[in-house]
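Structure file input_1.pdb (PDB, C-alpha atoms, pLDDT in the B column) follows.
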MODEL        1
ATOM      1  CA  MET A 240      11.548 103.851 -83.377  1.00 37.00           C
ATOM      2  CA  ARG A 241       9.315 105.424 -86.022  1.00 42.00           C
ATOM      3  CA  ASN A 242       5.965 105.008 -84.289  1.00 45.00           C
ATOM      4  CA  SER A 243       3.757 106.323 -81.545  1.00 45.00           C
ATOM      5  CA  ILE A 244       2.671 102.863 -80.332  1.00 59.00           C
ATOM      6  CA  LEU A 245       4.751 101.295 -77.573  1.00 65.00           C
ATOM      7  CA  LEU A 246       5.921  97.973 -78.976  1.00 76.00           C
ATOM      8  CA  ASP A 247       6.954  96.595 -75.582  1.00 79.00           C
ATOM      9  CA  ASP A 248       3.293  95.707 -74.992  1.00 84.00           C
ATOM     10  CA  HIS A 249       3.220  93.715 -78.223  1.00 89.00           C
ATOM     11  CA  LEU A 250       6.523  91.826 -78.026  1.00 91.00           C
ATOM     12  CA  PRO A 251       4.831  88.587 -76.842  1.00 92.00           C
ATOM     13  CA  ILE A 252       2.582  88.684 -79.929  1.00 93.00           C
ATOM     14  CA  LEU A 253       5.557  89.309 -82.229  1.00 95.00           C
ATOM     15  CA  LEU A 254       7.432  86.347 -80.742  1.00 94.00           C
ATOM     16  CA  GLN A 255       4.476  84.125 -81.657  1.00 93.00           C
ATOM     17  CA  THR A 256       4.405  85.192 -85.314  1.00 95.00           C
ATOM     18  CA  THR A 257       5.822  82.960 -88.016  1.00 93.00           C
ATOM     19  CA  LEU A 258       8.290  85.719 -88.968  1.00 93.00           C
ATOM     20  CA  PHE A 259       9.950  85.978 -85.550  1.00 94.00           C
ATOM     21  CA  HIS A 260       9.510  82.358 -84.466  1.00 92.00           C
ATOM     22  CA  GLY A 261      12.538  80.993 -82.629  1.00 92.00           C
ATOM     23  CA  LEU A 262      14.003  84.385 -81.692  1.00 92.00           C
ATOM     24  CA  SER A 263      14.678  85.217 -78.061  1.00 92.00           C
ATOM     25  CA  LEU A 264      13.258  88.353 -76.497  1.00 92.00           C
ATOM     26  CA  ALA A 265      16.718  89.955 -76.624  1.00 91.00           C
ATOM     27  CA  GLU A 266      17.086  89.077 -80.316  1.00 90.00           C
ATOM     28  CA  LEU A 267      13.642  90.484 -81.067  1.00 92.00           C
ATOM     29  CA  ARG A 268      14.495  93.752 -79.314  1.00 90.00           C
ATOM     30  CA  MET A 269      17.709  93.968 -81.350  1.00 87.00           C
ATOM     31  CA  THR A 270      15.707  93.321 -84.528  1.00 88.00           C
ATOM     32  CA  MET A 271      13.288  96.124 -83.714  1.00 89.00           C
ATOM     33  CA  GLU A 272      16.186  98.524 -83.050  1.00 87.00           C
ATOM     34  CA  CYS A 273      17.830  97.559 -86.344  1.00 86.00           C
ATOM     35  CA  PHE A 274      14.709  97.536 -88.548  1.00 89.00           C
ATOM     36  CA  GLN A 275      13.042 100.632 -87.056  1.00 90.00           C
ATOM     37  CA  PRO A 276       9.540  99.448 -88.035  1.00 93.00           C
ATOM     38  CA  ALA A 277       6.587 101.834 -88.128  1.00 93.00           C
ATOM     39  CA  ALA A 278       3.452 101.094 -86.096  1.00 93.00           C
ATOM     40  CA  ARG A 279       0.114 102.662 -87.008  1.00 94.00           C
ATOM     41  CA  ALA A 280      -3.370 102.638 -85.567  1.00 95.00           C
ATOM     42  CA  PHE A 281      -6.363 102.335 -87.917  1.00 97.00           C
ATOM     43  CA  SER A 282     -10.032 102.959 -87.272  1.00 97.00           C
ATOM     44  CA  LYS A 283     -12.690 100.438 -88.272  1.00 96.00           C
ATOM     45  CA  GLY A 284     -13.313 100.662 -92.030  1.00 95.00           C
ATOM     46  CA  GLU A 285     -10.080 102.518 -92.766  1.00 97.00           C
ATOM     47  CA  ILE A 286      -7.947 101.281 -95.671  1.00 96.00           C
ATOM     48  CA  VAL A 287      -4.623  99.770 -94.612  1.00 96.00           C
ATOM     49  CA  LEU A 288      -3.460  98.889 -98.138  1.00 94.00           C
ATOM     50  CA  LEU A 289      -5.228  99.879-101.355  1.00 93.00           C
ATOM     51  CA  SER A 290      -5.408  97.584-104.361  1.00 91.00           C
ATOM     52  CA  GLY A 291      -3.196  98.777-107.200  1.00 90.00           C
ATOM     53  CA  TYR A 292      -0.469 100.176-104.962  1.00 90.00           C
ATOM     54  CA  GLU A 293       2.949  98.716-104.193  1.00 88.00           C
ATOM     55  CA  MET A 294       3.755  97.239-100.798  1.00 89.00           C
ATOM     56  CA  ARG A 295       7.308  97.524 -99.517  1.00 90.00           C
ATOM     57  CA  ASP A 296       6.726  96.408 -95.919  1.00 93.00           C
ATOM     58  CA  VAL A 297       5.620  93.257 -94.183  1.00 94.00           C
ATOM     59  CA  GLY A 298       2.495  94.095 -92.205  1.00 95.00           C
ATOM     60  CA  ILE A 299       1.941  92.446 -88.821  1.00 96.00           C
ATOM     61  CA  VAL A 300      -1.388  92.792 -87.027  1.00 97.00           C
ATOM     62  CA  LEU A 301      -0.694  93.793 -83.422  1.00 95.00           C
ATOM     63  CA  ALA A 302      -4.284  94.291 -82.237  1.00 95.00           C
ATOM     64  CA  GLY A 303      -7.766  94.065 -83.730  1.00 96.00           C
ATOM     65  CA  GLN A 304      -8.631  92.543 -87.092  1.00 94.00           C
ATOM     66  CA  VAL A 305      -7.923  93.407 -90.724  1.00 95.00           C
ATOM     67  CA  GLU A 306      -9.480  91.831 -93.792  1.00 91.00           C
ATOM     68  CA  ALA A 307      -8.120  91.380 -97.315  1.00 91.00           C
ATOM     69  CA  VAL A 308     -10.779  91.750-100.017  1.00 87.00           C
ATOM     70  CA  LYS A 309     -10.650  91.520-103.798  1.00 84.00           C
ATOM     71  CA  ASN A 310     -12.901  93.577-106.037  1.00 79.00           C
ATOM     72  CA  THR A 311     -15.013  91.749-108.610  1.00 76.00           C
ATOM     73  CA  PRO A 312     -15.858  92.941-112.163  1.00 76.00           C
ATOM     74  CA  ASP A 313     -19.481  93.619-111.144  1.00 77.00           C
ATOM     75  CA  GLY A 314     -18.391  96.152-108.524  1.00 75.00           C
ATOM     76  CA  GLY A 315     -18.685  93.811-105.557  1.00 74.00           C
ATOM     77  CA  SER A 316     -15.935  92.351-103.419  1.00 77.00           C
ATOM     78  CA  VAL A 317     -14.921  88.930-102.140  1.00 76.00           C
ATOM     79  CA  ALA A 318     -13.282  88.421 -98.733  1.00 76.00           C
ATOM     80  CA  ILE A 319      -9.957  86.663 -99.164  1.00 79.00           C
ATOM     81  CA  THR A 320      -8.854  86.314 -95.561  1.00 83.00           C
ATOM     82  CA  LEU A 321      -9.470  87.694 -92.085  1.00 85.00           C
ATOM     83  CA  MET A 322      -6.331  88.470 -90.105  1.00 92.00           C
ATOM     84  CA  GLU A 323      -6.061  88.700 -86.324  1.00 92.00           C
ATOM     85  CA  PRO A 324      -3.178  89.618 -83.962  1.00 95.00           C
ATOM     86  CA  GLY A 325      -0.011  87.865 -85.082  1.00 94.00           C
ATOM     87  CA  SER A 326      -1.091  87.555 -88.724  1.00 94.00           C
ATOM     88  CA  LEU A 327       1.175  88.761 -91.535  1.00 94.00           C
ATOM     89  CA  PHE A 328       0.380  90.349 -94.885  1.00 93.00           C
ATOM     90  CA  GLY A 329       2.551  91.795 -97.643  1.00 89.00           C
ATOM     91  CA  ASP A 330       5.284  89.214 -97.045  1.00 86.00           C
ATOM     92  CA  VAL A 331       4.780  87.765-100.535  1.00 82.00           C
ATOM     93  CA  LEU A 332       3.928  91.023-102.301  1.00 78.00           C
ATOM     94  CA  SER A 333       6.820  93.081-100.881  1.00 78.00           C
ATOM     95  CA  GLY A 334       9.413  90.950-102.627  1.00 74.00           C
ATOM     96  CA  SER A 335       7.826  91.573-106.019  1.00 74.00           C
ATOM     97  CA  SER A 336       7.381  94.561-108.322  1.00 75.00           C
ATOM     98  CA  THR A 337       3.707  93.598-108.664  1.00 82.00           C
ATOM     99  CA  LYS A 338       1.129  95.991-107.258  1.00 87.00           C
ATOM    100  CA  SER A 339      -1.289  94.718-104.646  1.00 89.00           C
ATOM    101  CA  PRO A 340      -4.210  92.732-106.135  1.00 88.00           C
ATOM    102  CA  VAL A 341      -6.202  93.111-102.910  1.00 89.00           C
ATOM    103  CA  THR A 342      -7.330  95.870-100.584  1.00 93.00           C
ATOM    104  CA  VAL A 343      -6.649  95.413 -96.879  1.00 95.00           C
ATOM    105  CA  ILE A 344      -9.255  97.056 -94.645  1.00 96.00           C
ATOM    106  CA  ALA A 345      -9.454  97.498 -90.876  1.00 96.00           C
ATOM    107  CA  LYS A 346     -12.257  95.133 -89.848  1.00 93.00           C
ATOM    108  CA  THR A 347     -12.144  96.641 -86.353  1.00 95.00           C
ATOM    109  CA  ASP A 348     -10.082  99.361 -84.735  1.00 97.00           C
ATOM    110  CA  CYS A 349      -6.614  97.909 -85.039  1.00 96.00           C
ATOM    111  CA  GLN A 350      -2.864  98.418 -84.824  1.00 95.00           C
ATOM    112  CA  VAL A 351      -0.434  97.274 -87.500  1.00 96.00           C
ATOM    113  CA  LEU A 352       3.360  97.086 -87.511  1.00 95.00           C
ATOM    114  CA  PHE A 353       5.109  97.700 -90.849  1.00 95.00           C
ATOM    115  CA  VAL A 354       8.539  96.036 -91.130  1.00 94.00           C
ATOM    116  CA  PRO A 355      10.690  97.232 -94.074  1.00 92.00           C
ATOM    117  CA  TYR A 356      11.166  94.301 -96.438  1.00 90.00           C
ATOM    118  CA  GLN A 357      14.625  95.436 -97.546  1.00 89.00           C
ATOM    119  CA  LYS A 358      15.808  95.277 -93.932  1.00 88.00           C
ATOM    120  CA  ILE A 359      14.836  91.604 -93.854  1.00 87.00           C
ATOM    121  CA  LEU A 360      16.638  90.870 -97.128  1.00 84.00           C
ATOM    122  CA  HIS A 361      19.904  92.589 -96.227  1.00 81.00           C
ATOM    123  CA  PRO A 362      21.572  91.207 -93.084  1.00 72.00           C
ATOM    124  CA  CYS A 363      22.829  93.524 -90.378  1.00 72.00           C
ATOM    125  CA  ALA A 364      26.156  92.628 -88.759  1.00 67.00           C
ATOM    126  CA  ARG A 365      24.670  93.119 -85.268  1.00 66.00           C
ATOM    127  CA  MET A 366      22.014  90.443 -85.731  1.00 61.00           C
ATOM    128  CA  HIS A 367      24.285  87.529 -86.670  1.00 67.00           C
ATOM    129  CA  GLY A 368      22.466  84.200 -86.377  1.00 73.00           C
ATOM    130  CA  SER A 369      19.085  85.731 -85.616  1.00 82.00           C
ATOM    131  CA  HIS A 370      18.925  87.231 -89.114  1.00 82.00           C
ATOM    132  CA  PHE A 371      19.563  83.796 -90.625  1.00 83.00           C
ATOM    133  CA  GLN A 372      16.629  82.505 -88.546  1.00 87.00           C
ATOM    134  CA  LEU A 373      14.537  85.435 -89.775  1.00 88.00           C
ATOM    135  CA  MET A 374      15.266  84.600 -93.423  1.00 87.00           C
ATOM    136  CA  GLN A 375      14.330  80.963 -92.845  1.00 90.00           C
ATOM    137  CA  ASN A 376      11.094  82.044 -91.197  1.00 92.00           C
ATOM    138  CA  LEU A 377      10.213  84.307 -94.137  1.00 90.00           C
ATOM    139  CA  VAL A 378      10.666  81.458 -96.629  1.00 89.00           C
ATOM    140  CA  CYS A 379       8.549  79.123 -94.484  1.00 90.00           C
ATOM    141  CA  THR A 380       5.834  81.770 -94.109  1.00 89.00           C
ATOM    142  CA  ILE A 381       5.627  82.315 -97.871  1.00 87.00           C
ATOM    143  CA  SER A 382       5.514  78.549 -98.460  1.00 87.00           C
ATOM    144  CA  ASP A 383       2.707  78.121 -95.930  1.00 86.00           C
ATOM    145  CA  LYS A 384       0.711  80.868 -97.651  1.00 82.00           C
ATOM    146  CA  TYR A 385       1.126  79.164-101.006  1.00 81.00           C
ATOM    147  CA  PHE A 386      -0.387  75.965 -99.666  1.00 84.00           C
ATOM    148  CA  ALA A 387      -3.140  77.899 -97.852  1.00 80.00           C
ATOM    149  CA  LEU A 388      -4.029  79.586-101.146  1.00 79.00           C
ATOM    150  CA  ASN A 389      -4.055  76.219-102.854  1.00 82.00           C
ATOM    151  CA  ARG A 390      -6.514  74.920-100.227  1.00 83.00           C
ATOM    152  CA  ARG A 391      -8.728  77.969-100.815  1.00 82.00           C
ATOM    153  CA  VAL A 392      -8.752  77.298-104.566  1.00 84.00           C
ATOM    154  CA  ASP A 393      -9.658  73.656-103.912  1.00 87.00           C
ATOM    155  CA  LEU A 394     -12.559  74.896-101.793  1.00 86.00           C
ATOM    156  CA  LEU A 395     -13.867  77.405-104.317  1.00 83.00           C
ATOM    157  CA  ILE A 396     -13.867  74.985-107.261  1.00 89.00           C
ATOM    158  CA  LEU A 397     -16.230  72.592-105.470  1.00 92.00           C
ATOM    159  CA  LYS A 398     -19.544  72.618-107.316  1.00 89.00           C
ATOM    160  CA  SER A 399     -22.138  72.710-104.551  1.00 93.00           C
ATOM    161  CA  LEU A 400     -22.495  74.949-101.513  1.00 95.00           C
ATOM    162  CA  ARG A 401     -23.003  71.856 -99.339  1.00 95.00           C
ATOM    163  CA  SER A 402     -19.661  70.384-100.422  1.00 94.00           C
ATOM    164  CA  LYS A 403     -17.911  73.730 -99.848  1.00 94.00           C
ATOM    165  CA  LEU A 404     -19.402  74.051 -96.379  1.00 95.00           C
ATOM    166  CA  CYS A 405     -18.570  70.459 -95.443  1.00 95.00           C
ATOM    167  CA  ALA A 406     -14.991  70.861 -96.658  1.00 94.00           C
ATOM    168  CA  TYR A 407     -14.538  74.113 -94.750  1.00 95.00           C
ATOM    169  CA  LEU A 408     -15.975  72.812 -91.480  1.00 96.00           C
ATOM    170  CA  LEU A 409     -13.932  69.605 -91.643  1.00 95.00           C
ATOM    171  CA  GLU A 410     -10.751  71.608 -92.232  1.00 92.00           C
ATOM    172  CA  GLU A 411     -11.491  73.972 -89.346  1.00 94.00           C
ATOM    173  CA  SER A 412     -12.206  71.007 -87.082  1.00 95.00           C
ATOM    174  CA  ALA A 413      -8.876  69.435 -88.060  1.00 94.00           C
ATOM    175  CA  ARG A 414      -7.109  72.753 -87.452  1.00 89.00           C
ATOM    176  CA  ALA A 415      -8.679  73.062 -83.981  1.00 93.00           C
ATOM    177  CA  GLY A 416      -8.086  69.405 -83.164  1.00 95.00           C
ATOM    178  CA  ALA A 417     -11.661  69.101 -81.901  1.00 96.00           C
ATOM    179  CA  ASP A 418     -15.223  68.568 -83.120  1.00 96.00           C
ATOM    180  CA  THR A 419     -16.291  71.829 -81.444  1.00 96.00           C
ATOM    181  CA  PHE A 420     -14.594  74.990 -82.670  1.00 96.00           C
ATOM    182  CA  THR A 421     -15.086  78.666 -83.458  1.00 95.00           C
ATOM    183  CA  ILE A 422     -14.536  80.099 -86.927  1.00 93.00           C
ATOM    184  CA  PRO A 423     -13.141  83.621 -87.510  1.00 83.00           C
ATOM    185  CA  PHE A 424     -16.122  84.694 -89.653  1.00 84.00           C
ATOM    186  CA  SER A 425     -19.621  86.022 -89.127  1.00 86.00           C
ATOM    187  CA  ARG A 426     -22.310  84.541 -91.397  1.00 89.00           C
ATOM    188  CA  ALA A 427     -21.739  87.381 -93.856  1.00 86.00           C
ATOM    189  CA  GLY A 428     -17.977  86.854 -93.703  1.00 83.00           C
ATOM    190  CA  LEU A 429     -18.300  83.116 -94.226  1.00 89.00           C
ATOM    191  CA  ALA A 430     -20.601  83.710 -97.205  1.00 89.00           C
ATOM    192  CA  ASP A 431     -17.954  85.984 -98.718  1.00 81.00           C
ATOM    193  CA  TYR A 432     -15.231  83.424 -98.013  1.00 83.00           C
ATOM    194  CA  LEU A 433     -17.231  80.632 -99.690  1.00 88.00           C
ATOM    195  CA  ASN A 434     -18.301  83.008-102.494  1.00 84.00           C
ATOM    196  CA  CYS A 435     -22.026  82.479-102.002  1.00 89.00           C
ATOM    197  CA  GLU A 436     -25.124  84.427-100.978  1.00 91.00           C
ATOM    198  CA  ARG A 437     -25.605  84.875 -97.239  1.00 92.00           C
ATOM    199  CA  SER A 438     -29.252  83.741 -97.459  1.00 95.00           C
ATOM    200  CA  ALA A 439     -28.234  80.566 -99.296  1.00 96.00           C
ATOM    201  CA  LEU A 440     -25.560  79.859 -96.679  1.00 95.00           C
ATOM    202  CA  SER A 441     -28.029  80.325 -93.817  1.00 95.00           C
ATOM    203  CA  ARG A 442     -30.501  77.930 -95.459  1.00 96.00           C
ATOM    204  CA  GLU A 443     -27.786  75.308 -95.964  1.00 96.00           C
ATOM    205  CA  ILE A 444     -26.618  75.554 -92.355  1.00 96.00           C
ATOM    206  CA  SER A 445     -30.238  75.202 -91.170  1.00 96.00           C
ATOM    207  CA  ARG A 446     -30.684  72.075 -93.303  1.00 96.00           C
ATOM    208  CA  MET A 447     -27.478  70.573 -91.921  1.00 96.00           C
ATOM    209  CA  ARG A 448     -28.699  71.241 -88.376  1.00 96.00           C
ATOM    210  CA  ASP A 449     -32.058  69.621 -89.164  1.00 96.00           C
ATOM    211  CA  GLU A 450     -30.275  66.593 -90.610  1.00 96.00           C
ATOM    212  CA  GLY A 451     -28.310  66.143 -87.395  1.00 95.00           C
ATOM    213  CA  LEU A 452     -24.937  66.868 -88.992  1.00 96.00           C
ATOM    214  CA  ILE A 453     -23.974  69.931 -86.974  1.00 96.00           C
ATOM    215  CA  GLU A 454     -24.884  72.156 -84.054  1.00 96.00           C
ATOM    216  CA  THR A 455     -24.249  75.902 -84.182  1.00 95.00           C
ATOM    217  CA  TYR A 456     -24.193  78.900 -81.895  1.00 93.00           C
ATOM    218  CA  LYS A 457     -23.230  82.193 -83.533  1.00 89.00           C
ATOM    219  CA  ASN A 458     -19.858  81.456 -85.152  1.00 91.00           C
ATOM    220  CA  SER A 459     -19.210  78.271 -83.175  1.00 95.00           C
ATOM    221  CA  PHE A 460     -19.839  74.826 -84.673  1.00 97.00           C
ATOM    222  CA  LYS A 461     -19.982  71.265 -83.402  1.00 96.00           C
ATOM    223  CA  LEU A 462     -19.657  68.420 -85.904  1.00 96.00           C
ATOM    224  CA  LEU A 463     -22.034  65.578 -84.999  1.00 95.00           C
ATOM    225  CA  ASN A 464     -21.428  63.220 -87.925  1.00 94.00           C
ATOM    226  CA  LYS A 465     -17.995  63.687 -89.488  1.00 92.00           C
ATOM    227  CA  ALA A 466     -18.284  60.535 -91.579  1.00 93.00           C
ATOM    228  CA  GLU A 467     -21.412  61.845 -93.328  1.00 93.00           C
ATOM    229  CA  LEU A 468     -19.894  65.319 -93.720  1.00 93.00           C
ATOM    230  CA  THR A 469     -16.857  63.721 -95.351  1.00 92.00           C
ATOM    231  CA  ARG A 470     -19.083  61.715 -97.700  1.00 91.00           C
ATOM    232  CA  GLN A 471     -21.059  64.805 -98.720  1.00 89.00           C
ATOM    233  CA  TYR A 472     -17.856  66.784 -99.214  1.00 84.00           C
ATOM    234  CA  HIS A 473     -16.748  64.245-101.818  1.00 81.00           C
ATOM    235  CA  CYS A 474     -20.146  64.076-103.550  1.00 74.00           C
TER     236      CYS A 474
ENDMDL
END
File written out as structure tokens:
Amino acid sequence: MRNSILLDDHLPILLQTTLFHGLSLAELRMTMECFQPAARAFSKGEIVLLSGYEMRDVGIVLAGQVEAVKNTPDGGSVAITLMEPGSLFGDVLSGSSTKSPVTVIAKTDCQVLFVPYQKILHPCARMHGSHFQLMQNLVCTISDKYFALNRRVDLLILKSLRSKLCAYLLEESARAGADTFTIPFSRAGLADYLNCERSALSREISRMRDEGLIETYKNSFKLLNKAELTRQYHC
């Protein structure tokens, strides 16, 4: 296997990814032997994928965090998504001749597995039914990302910061299945995600606390009045 990282320690994480969902441990081991993926370690701040370059592998975060950012015309950058162990990137891009529109950066020290896209597209006789499952998983993963991107666009086109924040918190609460949940962003990261100034975001969160709508502790939130948050989201 073309890597210096022992994948045996990460097989449970791979089995939980959308790409390898439904495969047995034996099938996953066979897939790794067939695909010969490359695993790399990155230091915090190191570039994993640079904007403007082609991507021919599906990246899977094994440990740590990576972040996709897009440069803006004024020289700044906007955080697109934060990815943790089990997250995939490049699955949409690798099937296209388009160069990467985003830069992927190691948010922390991390390890990433690169699976050759062509290996996924062209079945191997040894894999039989497991490759069919893999192809189905890839299509489902790409579809899920399309709808996630659509939700992000819906969020960004909201006019006020209050409506954006309400929409985001309600969606995260629904995702967690609870009124108390933890988001994957710091205040600075959330400001980037909502495309607003960090100071403005902090003021808005303070106002929402004072109004009895939410409670916060670091990057954890508790929704106290979901009906009012829903009303303000639609305002």
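When only C-alpha atoms are used to compute distances to Glu306 in chain A, the closest of the residues A:Leu332, A:Asn389, A:Thr380, A:Asp431 turns out to be A:Asp431.
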Please provide the set of residues having any atom within 12 Å of Ile396 in chain A, restricted to all atoms listed in the file, with same-chain residues fewer than 6 positions apart removed, written as a VMD selection string.
chain A and resid 389 to 390 402 to 403 406 433 to 434
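When only C-alpha atoms are used to measure the gap to Thr469 in chain A, the shortest distance among A:Ser333, A:Thr455, A:Ser412, A:Ser441 belongs to A:Ser412.
With all atoms listed in the file as the atoms that count, the residue of A:Pro312, A:Pro251, A:Gly334, A:Pro340 with the shortest distance to Tyr292 in chain A is A:Pro340.
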Would you write out, as a ChimeraX atom specification, every residue that the PyMOL selection byres ((chain A and resi 426) around 8) captures in this file?
/A:424-425,427-430,437,440-441,458
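Candidate residues A:Val297, A:Val354, A:Ile444, A:Ala387 were compared for distance to Leu404 in chain A, and the nearest is A:Ile444, using only C-alpha atoms.
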Who sits within 7 Å of Ala307 in chain A, only C-alpha atoms, same chain under 4 positions skipped, as an NGL selection string:
:A and (318-321 or 341-344)
Interatomic distance, CA of Ala302 in chain A to CA of Gln372 in chain A (Å, one decimal):
24.8 Å
Please compute the CA of Gln357 in chain A-CA of Phe274 in chain A distance, one decimal, in Å.
9.2 Å
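We find CA of Ser263 in chain A and CA of Ala415 in chain A to be spaced 27.0 Å apart.
Note on the selection: in this file the PyMOL selection byres ((chain A and resi 464) around 10) comes out as A:Asp418, A:Glu450, A:Gly451, A:Leu452, A:Ile453, A:Lys461, A:Leu462, A:Leu463, A:Lys465, A:Ala466, A:Glu467, A:Leu468, A:Thr469.
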Let me see the file: selected residues, C-alpha atoms, as a PDB file, keeping the file's coordinate frame.
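again.pdb was written with the following content:
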ATOM      1  CA  ASP A 418     -15.223  68.568 -83.120  1.00 96.00           C
ATOM      2  CA  GLU A 450     -30.275  66.593 -90.610  1.00 96.00           C
ATOM      3  CA  GLY A 451     -28.310  66.143 -87.395  1.00 95.00           C
ATOM      4  CA  LEU A 452     -24.937  66.868 -88.992  1.00 96.00           C
ATOM      5  CA  ILE A 453     -23.974  69.931 -86.974  1.00 96.00           C
ATOM      6  CA  LYS A 461     -19.982  71.265 -83.402  1.00 96.00           C
ATOM      7  CA  LEU A 462     -19.657  68.420 -85.904  1.00 96.00           C
ATOM      8  CA  LEU A 463     -22.034  65.578 -84.999  1.00 95.00           C
ATOM      9  CA  LYS A 465     -17.995  63.687 -89.488  1.00 92.00           C
ATOM     10  CA  ALA A 466     -18.284  60.535 -91.579  1.00 93.00           C
ATOM     11  CA  GLU A 467     -21.412  61.845 -93.328  1.00 93.00           C
ATOM     12  CA  LEU A 468     -19.894  65.319 -93.720  1.00 93.00           C
ATOM     13  CA  THR A 469     -16.857  63.721 -95.351  1.00 92.00           C
TER      14      THR A 469
END
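The shortest atom-to-atom distance to Val331 in chain A, with all atoms listed in the file taken into account, belongs to A:Leu377 out of A:Val308, A:Leu377, A:Val287, A:Cys349.
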Can you pull out the residues contacting Asp348 in chain A? Cut-off 6 Å, using all atoms listed in the file, and skip same-chain residues under 2 positions away; I want them as number ranges by chain.
A: 281-283, 303
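Distances from A:Tyr456, A:Ile422, A:Pro324, A:Gln471 to Leu397 in chain A were compared using only C-alpha atoms, and the smallest one belongs to A:Gln471.
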Step by step, work through what the PyMOL selection byres ((chain A and resi 258) around 12) selects in the shown file, and finish by giving those residues as an MDAnalysis selection string.
chainID A and resid 252:257 259:262 267 270 297:299 325:328 330 354 356 359 369:381 383
Next, the residues of the selection above should be written as a PDB file, in the coordinates of the input with C-alpha atoms.
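Listing of part02.pdb after writing:
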ATOM      1  CA  ILE A 252       2.582  88.684 -79.929  1.00 93.00           C
ATOM      2  CA  LEU A 253       5.557  89.309 -82.229  1.00 95.00           C
ATOM      3  CA  LEU A 254       7.432  86.347 -80.742  1.00 94.00           C
ATOM      4  CA  GLN A 255       4.476  84.125 -81.657  1.00 93.00           C
ATOM      5  CA  THR A 256       4.405  85.192 -85.314  1.00 95.00           C
ATOM      6  CA  THR A 257       5.822  82.960 -88.016  1.00 93.00           C
ATOM      7  CA  PHE A 259       9.950  85.978 -85.550  1.00 94.00           C
ATOM      8  CA  HIS A 260       9.510  82.358 -84.466  1.00 92.00           C
ATOM      9  CA  GLY A 261      12.538  80.993 -82.629  1.00 92.00           C
ATOM     10  CA  LEU A 262      14.003  84.385 -81.692  1.00 92.00           C
ATOM     11  CA  LEU A 267      13.642  90.484 -81.067  1.00 92.00           C
ATOM     12  CA  THR A 270      15.707  93.321 -84.528  1.00 88.00           C
ATOM     13  CA  VAL A 297       5.620  93.257 -94.183  1.00 94.00           C
ATOM     14  CA  GLY A 298       2.495  94.095 -92.205  1.00 95.00           C
ATOM     15  CA  ILE A 299       1.941  92.446 -88.821  1.00 96.00           C
ATOM     16  CA  GLY A 325      -0.011  87.865 -85.082  1.00 94.00           C
ATOM     17  CA  SER A 326      -1.091  87.555 -88.724  1.00 94.00           C
ATOM     18  CA  LEU A 327       1.175  88.761 -91.535  1.00 94.00           C
ATOM     19  CA  PHE A 328       0.380  90.349 -94.885  1.00 93.00           C
ATOM     20  CA  ASP A 330       5.284  89.214 -97.045  1.00 86.00           C
ATOM     21  CA  VAL A 354       8.539  96.036 -91.130  1.00 94.00           C
ATOM     22  CA  TYR A 356      11.166  94.301 -96.438  1.00 90.00           C
ATOM     23  CA  ILE A 359      14.836  91.604 -93.854  1.00 87.00           C
ATOM     24  CA  SER A 369      19.085  85.731 -85.616  1.00 82.00           C
ATOM     25  CA  HIS A 370      18.925  87.231 -89.114  1.00 82.00           C
ATOM     26  CA  PHE A 371      19.563  83.796 -90.625  1.00 83.00           C
ATOM     27  CA  GLN A 372      16.629  82.505 -88.546  1.00 87.00           C
ATOM     28  CA  LEU A 373      14.537  85.435 -89.775  1.00 88.00           C
ATOM     29  CA  MET A 374      15.266  84.600 -93.423  1.00 87.00           C
ATOM     30  CA  GLN A 375      14.330  80.963 -92.845  1.00 90.00           C
ATOM     31  CA  ASN A 376      11.094  82.044 -91.197  1.00 92.00           C
ATOM     32  CA  LEU A 377      10.213  84.307 -94.137  1.00 90.00           C
ATOM     33  CA  VAL A 378      10.666  81.458 -96.629  1.00 89.00           C
ATOM     34  CA  CYS A 379       8.549  79.123 -94.484  1.00 90.00           C
ATOM     35  CA  THR A 380       5.834  81.770 -94.109  1.00 89.00           C
ATOM     36  CA  ILE A 381       5.627  82.315 -97.871  1.00 87.00           C
ATOM     37  CA  ASP A 383       2.707  78.121 -95.930  1.00 86.00           C
TER      38      ASP A 383
END
Around all the atoms of range 339-354 of chain A listed in the file, with 6 Å of room on each side, what axis-aligned box do you get, giving centre and edge lengths in Å to one decimal, as lines of an AutoDock Vina configuration file?
center_x = -1.9
center_y = 96.0
center_z = -95.4
size_x = 32.8
size_y = 18.6
size_z = 33.4
